[in-house]
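Asks: My structure is in coords.cif, and what it holds is mmCIF, C-alpha atoms and all ligand atoms:
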```cif
data_protein
loop_
_atom_site.label_atom_id
_atom_site.label_comp_id
_atom_site.auth_asym_id
_atom_site.auth_seq_id
_atom_site.Cartn_x
_atom_site.Cartn_y
_atom_site.Cartn_z
CA MET A 1146 3.86 45.48 -54.84
CA GLY A 1147 2.39 43.70 -57.83
CA VAL A 1148 -1.34 43.86 -58.41
CA GLU A 1149 -2.81 40.69 -59.76
CA ILE A 1150 -5.27 41.39 -62.58
CA LYS A 1151 -7.78 38.60 -62.68
CA GLU A 1152 -9.80 38.26 -65.84
CA SER A 1153 -13.49 38.66 -65.16
CA THR A 1154 -15.66 35.54 -65.38
CA VAL A 1155 -18.70 37.67 -66.21
CA SER A 1156 -18.59 40.45 -68.82
CA GLU A 1157 -20.50 43.69 -68.34
CA GLU A 1158 -22.92 42.71 -71.14
CA GLU A 1159 -23.58 39.40 -69.44
CA PHE A 1160 -24.14 41.15 -66.14
CA GLU A 1161 -26.59 43.59 -67.77
CA ALA A 1162 -28.51 40.65 -69.26
CA MET A 1163 -28.67 39.06 -65.80
CA LYS A 1164 -30.05 42.30 -64.38
CA ARG A 1165 -32.82 42.34 -66.97
CA PHE A 1166 -33.64 38.72 -66.19
CA VAL A 1167 -33.85 39.42 -62.45
CA TYR A 1168 -36.11 42.47 -62.92
CA ASP A 1169 -38.42 40.59 -65.31
CA TYR A 1170 -38.61 37.67 -62.90
CA LEU A 1171 -39.61 39.96 -60.01
CA ALA A 1172 -42.19 41.81 -62.12
CA ALA A 1173 -43.71 38.51 -63.25
CA SER A 1174 -43.87 37.29 -59.63
CA VAL A 1175 -46.00 40.29 -58.68
CA GLU A 1176 -48.21 39.92 -61.73
CA ASN A 1177 -48.88 36.27 -60.97
CA GLU A 1178 -49.71 36.96 -57.36
CA ASP A 1179 -53.26 36.49 -56.10
CA ASP A 1180 -54.85 39.73 -54.94
CA GLY A 1181 -54.62 40.13 -51.20
CA GLY A 1182 -52.18 37.25 -50.82
CA ARG A 1183 -49.51 39.60 -49.55
CA MET A 1184 -49.41 43.11 -48.22
CA ARG A 1185 -49.09 44.48 -51.72
CA TRP A 1186 -49.86 48.04 -50.74
CA TYR A 1187 -46.57 48.28 -48.85
CA PRO A 1188 -43.86 49.51 -51.21
CA TRP A 1189 -41.38 46.85 -50.09
CA HIS A 1190 -43.55 44.15 -51.64
CA SER A 1191 -43.18 45.65 -55.10
CA ALA A 1192 -40.82 44.51 -57.85
CA GLU A 1193 -39.37 48.04 -57.97
CA TYR A 1194 -38.46 48.09 -54.31
CA ARG A 1195 -36.99 44.60 -54.40
CA TYR A 1196 -34.97 45.33 -57.54
CA ASN A 1197 -33.66 48.57 -56.05
CA HIS A 1198 -32.67 46.70 -52.87
CA ILE A 1199 -30.88 44.11 -55.01
CA LEU A 1200 -28.89 46.81 -56.87
CA ASN A 1201 -27.91 48.40 -53.55
CA VAL A 1202 -26.76 45.02 -52.26
CA VAL A 1203 -24.77 44.37 -55.46
CA GLU A 1204 -22.90 47.63 -55.01
CA LEU A 1205 -22.28 47.21 -51.29
CA ALA A 1206 -21.28 43.56 -51.61
CA ALA A 1207 -18.80 44.35 -54.40
CA HIS A 1208 -17.31 47.15 -52.30
CA ILE A 1209 -16.85 44.81 -49.33
CA ALA A 1210 -15.55 41.96 -51.51
CA GLU A 1211 -12.90 44.16 -53.14
CA ARG A 1212 -11.54 45.31 -49.81
CA GLU A 1213 -11.82 42.00 -48.01
CA GLY A 1214 -10.13 39.99 -50.77
CA ALA A 1215 -13.19 37.90 -51.73
CA ASP A 1216 -14.01 36.76 -55.28
CA VAL A 1217 -15.80 39.86 -56.60
CA ASP A 1218 -17.45 38.09 -59.56
CA VAL A 1219 -18.96 35.41 -57.34
CA VAL A 1220 -20.19 38.01 -54.86
CA ARG A 1221 -21.72 40.33 -57.50
CA VAL A 1222 -23.62 37.58 -59.28
CA ALA A 1223 -24.79 36.03 -55.99
CA ALA A 1224 -25.95 39.46 -54.79
CA LEU A 1225 -27.84 40.02 -58.03
CA PHE A 1226 -29.76 36.74 -57.71
CA HIS A 1227 -30.01 36.57 -53.90
CA ASP A 1228 -33.62 37.81 -53.59
CA ILE A 1229 -34.92 36.82 -57.02
CA ALA A 1230 -37.44 34.41 -55.47
CA LYS A 1231 -38.39 36.72 -52.62
CA LEU A 1232 -41.76 37.65 -54.16
CA ASP A 1233 -42.86 34.23 -55.31
CA ALA A 1234 -41.55 31.84 -52.65
CA ASP A 1235 -42.10 31.67 -48.90
CA GLN A 1236 -39.58 33.60 -46.85
CA GLU A 1237 -38.11 30.39 -45.34
CA VAL A 1238 -37.28 28.89 -48.74
CA HIS A 1239 -36.58 31.99 -50.83
CA ALA A 1240 -32.80 31.54 -50.55
CA GLU A 1241 -32.90 27.93 -51.71
CA GLU A 1242 -35.34 28.76 -54.48
CA GLY A 1243 -33.17 31.71 -55.55
CA ALA A 1244 -30.16 29.41 -55.81
CA ARG A 1245 -32.19 27.04 -57.98
CA VAL A 1246 -33.23 29.85 -60.36
CA ALA A 1247 -29.65 31.15 -60.56
CA ARG A 1248 -28.27 27.65 -61.28
CA GLU A 1249 -30.75 27.21 -64.10
CA TYR A 1250 -29.91 30.63 -65.55
CA LEU A 1251 -26.14 30.16 -65.34
CA ALA A 1252 -26.33 26.68 -66.86
CA SER A 1253 -28.29 27.93 -69.86
CA HIS A 1254 -26.46 31.24 -70.50
CA GLY A 1255 -22.77 31.44 -71.28
CA ASP A 1256 -20.14 28.90 -70.37
CA TYR A 1257 -19.36 29.53 -66.73
CA PRO A 1258 -16.92 27.27 -64.88
CA ARG A 1259 -18.66 24.71 -62.69
CA SER A 1260 -16.80 25.93 -59.58
CA PHE A 1261 -18.03 29.49 -60.24
CA VAL A 1262 -21.65 28.35 -60.53
CA GLU A 1263 -21.30 26.25 -57.36
CA GLN A 1264 -19.84 29.13 -55.37
CA VAL A 1265 -22.52 31.57 -56.55
CA CYS A 1266 -25.35 29.16 -55.71
CA GLN A 1267 -23.87 28.29 -52.32
CA CYS A 1268 -23.74 32.00 -51.45
CA ILE A 1269 -27.36 32.54 -52.46
CA GLU A 1270 -28.51 29.48 -50.55
CA ASP A 1271 -26.64 30.53 -47.39
CA HIS A 1272 -27.59 34.22 -47.45
CA SER A 1273 -30.51 33.78 -45.04
CA TYR A 1274 -28.29 32.03 -42.46
CA GLN A 1275 -28.95 33.62 -39.08
CA GLY A 1276 -25.94 32.34 -37.14
CA PRO A 1277 -22.49 33.92 -36.75
CA LEU A 1278 -20.85 35.03 -39.98
CA SER A 1279 -17.69 33.14 -39.09
CA ASP A 1280 -19.61 29.97 -40.08
CA VAL A 1281 -19.99 30.91 -43.76
CA SER A 1282 -17.59 31.45 -46.67
CA LEU A 1283 -15.93 34.83 -47.19
CA GLU A 1284 -18.11 35.45 -50.27
CA THR A 1285 -21.33 34.62 -48.39
CA ARG A 1286 -20.25 36.91 -45.57
CA CYS A 1287 -19.83 39.80 -48.04
CA LEU A 1288 -23.37 39.17 -49.32
CA ILE A 1289 -24.95 38.91 -45.86
CA GLU A 1290 -23.16 42.03 -44.64
CA ALA A 1291 -24.32 43.99 -47.71
CA ASP A 1292 -27.88 42.74 -47.19
CA ILE A 1293 -27.74 43.97 -43.58
CA LEU A 1294 -26.26 47.34 -44.58
CA ASP A 1295 -29.11 48.09 -46.97
CA LYS A 1296 -31.51 48.02 -44.01
CA VAL A 1297 -29.30 50.35 -42.01
CA GLY A 1298 -29.29 54.03 -42.92
CA ALA A 1299 -31.05 56.06 -45.59
CA ASN A 1300 -33.03 53.19 -47.06
CA GLY A 1301 -34.33 51.97 -43.71
CA THR A 1302 -35.16 55.54 -42.77
CA ALA A 1303 -37.01 56.30 -46.01
CA LEU A 1304 -38.98 53.06 -45.70
CA MET A 1305 -40.03 53.94 -42.18
CA LEU A 1306 -41.27 57.36 -43.30
CA LEU A 1307 -43.22 55.69 -46.12
CA ARG A 1308 -44.67 53.20 -43.65
CA MET A 1309 -45.77 56.07 -41.43
CA GLY A 1310 -47.74 57.46 -44.36
CA TYR A 1311 -49.44 54.11 -44.90
CA GLU A 1312 -50.29 53.98 -41.21
CA ALA A 1313 -51.71 57.53 -41.29
CA ARG A 1314 -49.14 58.81 -38.79
CA THR A 1315 -47.96 62.41 -38.81
CA HIS A 1316 -44.48 63.91 -38.68
CA MET A 1317 -44.98 64.34 -34.91
CA ASP A 1318 -44.19 60.61 -34.57
CA ALA A 1319 -41.14 60.79 -36.80
CA ALA A 1320 -38.43 61.09 -34.14
CA GLU A 1321 -39.81 58.12 -32.24
CA MET A 1322 -40.12 56.00 -35.36
CA ILE A 1323 -36.61 56.92 -36.53
CA GLU A 1324 -35.35 55.93 -33.08
CA ARG A 1325 -36.73 52.47 -33.85
CA VAL A 1326 -34.84 52.44 -37.16
CA LEU A 1327 -31.69 53.33 -35.23
CA GLN A 1328 -32.19 50.61 -32.61
CA ARG A 1329 -32.96 47.99 -35.21
CA GLY A 1330 -29.98 49.12 -37.28
CA ARG A 1331 -27.68 48.75 -34.27
CA ASP A 1332 -29.00 45.24 -33.64
CA HIS A 1333 -28.49 44.23 -37.28
CA ALA A 1334 -25.02 45.77 -37.37
CA GLN A 1335 -23.89 43.60 -34.47
CA ARG A 1336 -23.63 40.64 -36.82
CA ILE A 1337 -21.14 42.42 -39.07
CA GLU A 1338 -17.56 41.14 -38.92
CA SER A 1339 -15.51 42.80 -41.64
CA ASP A 1340 -13.85 46.17 -41.05
CA THR A 1341 -15.17 47.44 -44.38
CA ALA A 1342 -18.84 46.75 -43.60
CA GLU A 1343 -18.30 47.90 -40.03
CA SER A 1344 -17.19 51.33 -41.17
CA VAL A 1345 -20.13 51.68 -43.60
CA ALA A 1346 -22.52 50.69 -40.79
CA HIS A 1347 -20.90 53.17 -38.44
CA ARG A 1348 -21.27 56.03 -40.94
CA ARG A 1349 -24.87 55.13 -41.72
CA LEU A 1350 -25.95 54.77 -38.10
CA LYS A 1351 -24.35 58.09 -37.27
CA ARG A 1352 -26.43 59.78 -39.95
CA VAL A 1353 -29.66 58.17 -38.72
CA LYS A 1354 -28.82 59.39 -35.22
CA TRP A 1355 -28.28 62.90 -36.58
CA PHE A 1356 -31.58 62.75 -38.41
CA ARG A 1357 -33.39 61.70 -35.22
CA GLU A 1358 -31.72 64.50 -33.28
CA TRP A 1359 -32.64 66.95 -36.00
CA LEU A 1360 -36.29 65.86 -35.87
CA GLU A 1361 -36.32 66.07 -32.09
CA GLU A 1362 -34.94 69.56 -32.20
CA GLU A 1363 -37.19 71.04 -34.85
CA VAL A 1364 -40.40 69.08 -34.48
CA SER A 1365 -40.55 69.49 -30.71
CA ASP A 1366 -39.97 73.23 -31.17
CA MET A 1367 -43.29 73.37 -32.99
CA ASP A 1368 -44.90 71.88 -29.93
CA HIS A 1369 -43.43 74.51 -27.61
CA ASP A 1370 -44.49 77.35 -29.86
CA ARG A 1371 -48.19 76.82 -29.31
CA PRO A 1372 -49.96 80.08 -28.50
CA ASP A 1373 -50.63 80.74 -24.82
CA ARG A 1374 -54.19 80.51 -23.65
FE FE A 1401 -31.88 40.90 -49.55
#
```
Represent the structure contained in this file as structure tokens.
Replies:
Amino acid sequence: MGVEIKESTVSEEEFEAMKRFVYDYLAASVENEDDGGRMRWYPWHSAEYRYNHILNVVELAAHIAEREGADVDVVRVAALFHDIAKLDADQEVHAEEGARVAREYLASHGDYPRSFVEQVCQCIEDHSYQGPLSDVSLETRCLIEADILDKVGANGTALMLLRMGYEARTHMDAAEMIERVLQRGRDHAQRIESDTAESVAHRRLKRVKWFREWLEEEVSDMDHDRPDR
């Protein structure tokens, strides 16, 4: 069986430069924000959180794209830019605005084929589509599935624990709150169509379930061990 080696449209240096651009854009969005305009004290409104999410999505989307036969270059670049406008545009238009920023960047850096730029921008624009994934292109589907997967599992769990701290909850609530992460994760995962993303979701949800069971076992033990009166 012959393996087709496709020459990459985007070099690693170019990709690194794009990463720097995306991080700087996010950091500038936070700096330019009015105080109190958003819930800035929550970690997921920071440039660091958003950038980390973006890198997770890049990795997951590339993994799915490779196995599902999608154009990996298109998917990686779209994933990198997909949430660039998340901190400076309204949620409803952040996808469109992200596509606009990416188009401007790609037009002024390097000499990318027009069809490549179009595909990347289409993916970014469509990534907030809420309908069935059979409606969108294979590349967009890889991006949306990766975006979903980053909410399911360790990242979603860690964010919930952080949120509990901000809400002055104690570890006694942890099992209940992690159960919510699990439920929400299962709901999100229902949209997934590819076998590759499905198996990542399955593994991640299983771990969250284990974590909840672990909390239930050990945290409730503390409760039972209260001294008798
Ligand atoms: Fe995202």
Asks: Using only C-alpha atoms and all ligand atoms, which of the listed residues (A:Arg1308, A:Arg1349, A:His1227, A:His1190) sits closest to ligand FE 1401 (chain A)?
Replies: A:His1227
Asks: Work out how far apart CA of His1347 (chain A) and CA of Ser1282 (chain A) are and give it in Å to one decimal.
Replies: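 Rounded to one decimal, the two atoms are 23.5 Å apart.
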Asks: Rounded to one decimal place, report the CA of Ala1223 (chain A)-CA of Leu1288 (chain A) distance in Å.
Replies: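 CA of Ala1223 (chain A) sits 7.5 Å away from CA of Leu1288 (chain A).
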Asks: Would you mind reading off the distance between CA of Gly1255 (chain A) and CA of Arg1286 (chain A), one decimal, in Å?
Replies: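 Rounded to one decimal, the two atoms are 26.4 Å apart.
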Asks: With only C-alpha atoms and all ligand atoms counted, collect every polymer residue having an atom within 8 Å of ligand FE 1401 (chain A); state the result as a list in words.
Replies: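 Answer in the requested format: Arg1195, His1198, Ile1199, Val1202, His1227, Asp1228, Asp1292 and Ile1293 of chain A.
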Asks: Got a sec: who's within 9 Å of Asp1340 (chain A), counting only C-alpha atoms, leaving out chain neighbours fewer than 3 positions off, as a list in words?
Replies: Ile1209, Glu1213, Ile1337, Glu1343, Ser1344 and Val1345 of chain A
Asks: Within 10 Å of region 1155-1158 of chain A, counting all atoms listed in the file, which residues show up once you throw out same-chain ones fewer than 4 positions away? Write them as JSON, numbers by chain, please.
Replies: {"A": [1162, 1163, 1164, 1218, 1219, 1221, 1222, 1255, 1256, 1257]}
Asks: Near Ala1291 (chain A), counting only C-alpha atoms, which residues have an atom at most 12 Å away, once you skip same-chain residues fewer than 6 positions from it, shown as a ChimeraX atom specification?
Replies: /A:1198-1210,1220-1221,1223-1225,1227,1272,1284-1285,1297,1333-1334,1336-1339,1341-1343,1345-1346
Asks: Rank nothing, just name the residue among A:Pro1258, A:Gly1243, A:Gly1276, A:Gly1330 nearest to Gly1298 (chain A), using only C-alpha atoms.
Replies: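 Smallest distance to Gly1298 (chain A) is found for A:Gly1330.
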Asks: From the options A:His1254, A:Leu1360, A:Arg1331, A:Ile1229, which residue's atoms come nearest to Leu1294 (chain A), counting only C-alpha atoms?
Replies: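 Distance minimum relative to Leu1294 (chain A) lands on A:Arg1331.
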Asks: Under the rule that all atoms listed in the file are counted, which of A:Gln1236, A:Ser1253, A:Ser1174, A:Ser1260 is the nearest residue to Thr1154 (chain A)?
Replies: A:Ser1260
Asks: Generate the coordinates of N, CA and C atoms for region 1319-1350 of chain A; report them as a tab-separated table (two decimals), keeping the file's coordinate frame.
Replies:
```
chain	number	residue	atom	x	y	z
A	1319	ALA	N	-42.33	61.15	-36.02
A	1319	ALA	CA	-41.14	60.79	-36.80
A	1319	ALA	C	-39.92	60.46	-35.94
A	1320	ALA	N	-39.64	61.31	-34.94
A	1320	ALA	CA	-38.43	61.09	-34.14
A	1320	ALA	C	-38.49	59.73	-33.45
A	1321	GLU	N	-39.65	59.40	-32.93
A	1321	GLU	CA	-39.81	58.12	-32.24
A	1321	GLU	C	-39.64	56.95	-33.20
A	1322	MET	N	-40.22	57.08	-34.38
A	1322	MET	CA	-40.12	56.00	-35.36
A	1322	MET	C	-38.68	55.86	-35.88
A	1323	ILE	N	-38.00	56.98	-36.06
A	1323	ILE	CA	-36.61	56.92	-36.53
A	1323	ILE	C	-35.71	56.34	-35.44
A	1324	GLU	N	-36.08	56.55	-34.18
A	1324	GLU	CA	-35.35	55.93	-33.08
A	1324	GLU	C	-35.43	54.40	-33.21
A	1325	ARG	N	-36.58	53.92	-33.63
A	1325	ARG	CA	-36.73	52.47	-33.85
A	1325	ARG	C	-35.81	51.98	-34.97
A	1326	VAL	N	-35.73	52.80	-36.04
A	1326	VAL	CA	-34.84	52.44	-37.16
A	1326	VAL	C	-33.40	52.34	-36.65
A	1327	LEU	N	-33.04	53.29	-35.78
A	1327	LEU	CA	-31.69	53.33	-35.23
A	1327	LEU	C	-31.42	52.11	-34.36
A	1328	GLN	N	-32.35	51.78	-33.49
A	1328	GLN	CA	-32.19	50.61	-32.61
A	1328	GLN	C	-32.06	49.33	-33.42
A	1329	ARG	N	-32.96	49.19	-34.38
A	1329	ARG	CA	-32.96	47.99	-35.21
A	1329	ARG	C	-31.66	47.91	-36.02
A	1330	GLY	N	-31.23	49.06	-36.52
A	1330	GLY	CA	-29.98	49.12	-37.28
A	1330	GLY	C	-28.80	48.68	-36.44
A	1331	ARG	N	-28.78	49.14	-35.18
A	1331	ARG	CA	-27.68	48.75	-34.27
A	1331	ARG	C	-27.70	47.26	-34.03
A	1332	ASP	N	-28.90	46.69	-33.85
A	1332	ASP	CA	-29.00	45.24	-33.64
A	1332	ASP	C	-28.48	44.48	-34.85
A	1333	HIS	N	-28.94	44.89	-36.04
A	1333	HIS	CA	-28.49	44.23	-37.28
A	1333	HIS	C	-26.97	44.32	-37.41
A	1334	ALA	N	-26.44	45.52	-37.14
A	1334	ALA	CA	-25.02	45.77	-37.37
A	1334	ALA	C	-24.12	44.94	-36.45
A	1335	GLN	N	-24.69	44.43	-35.38
A	1335	GLN	CA	-23.89	43.60	-34.47
A	1335	GLN	C	-23.38	42.32	-35.11
A	1336	ARG	N	-24.06	41.88	-36.16
A	1336	ARG	CA	-23.63	40.64	-36.82
A	1336	ARG	C	-22.43	40.86	-37.75
A	1337	ILE	N	-22.19	42.11	-38.10
A	1337	ILE	CA	-21.14	42.42	-39.07
A	1337	ILE	C	-19.75	42.10	-38.53
A	1338	GLU	N	-18.91	41.51	-39.38
A	1338	GLU	CA	-17.56	41.14	-38.92
A	1338	GLU	C	-16.44	41.89	-39.63
A	1339	SER	N	-16.63	42.20	-40.92
A	1339	SER	CA	-15.51	42.80	-41.64
A	1339	SER	C	-15.35	44.28	-41.28
A	1340	ASP	N	-14.11	44.76	-41.34
A	1340	ASP	CA	-13.85	46.17	-41.05
A	1340	ASP	C	-14.54	47.07	-42.06
A	1341	THR	N	-14.57	46.62	-43.32
A	1341	THR	CA	-15.17	47.44	-44.38
A	1341	THR	C	-16.65	47.68	-44.11
A	1342	ALA	N	-17.40	46.60	-43.84
A	1342	ALA	CA	-18.84	46.75	-43.60
A	1342	ALA	C	-19.08	47.49	-42.29
A	1343	GLU	N	-18.20	47.23	-41.34
A	1343	GLU	CA	-18.30	47.90	-40.03
A	1343	GLU	C	-18.24	49.42	-40.21
A	1344	SER	N	-17.33	49.88	-41.05
A	1344	SER	CA	-17.19	51.33	-41.17
A	1344	SER	C	-18.37	51.93	-41.96
A	1345	VAL	N	-18.93	51.18	-42.91
A	1345	VAL	CA	-20.13	51.68	-43.60
A	1345	VAL	C	-21.29	51.76	-42.61
A	1346	ALA	N	-21.43	50.72	-41.78
A	1346	ALA	CA	-22.52	50.69	-40.79
A	1346	ALA	C	-22.38	51.86	-39.83
A	1347	HIS	N	-21.16	52.09	-39.39
A	1347	HIS	CA	-20.90	53.17	-38.44
A	1347	HIS	C	-21.34	54.52	-39.01
A	1348	ARG	N	-20.93	54.76	-40.29
A	1348	ARG	CA	-21.27	56.03	-40.94
A	1348	ARG	C	-22.79	56.17	-41.08
A	1349	ARG	N	-23.43	55.08	-41.49
A	1349	ARG	CA	-24.87	55.13	-41.72
A	1349	ARG	C	-25.65	55.35	-40.42
A	1350	LEU	N	-25.24	54.64	-39.38
A	1350	LEU	CA	-25.95	54.77	-38.10
A	1350	LEU	C	-25.78	56.17	-37.52
```
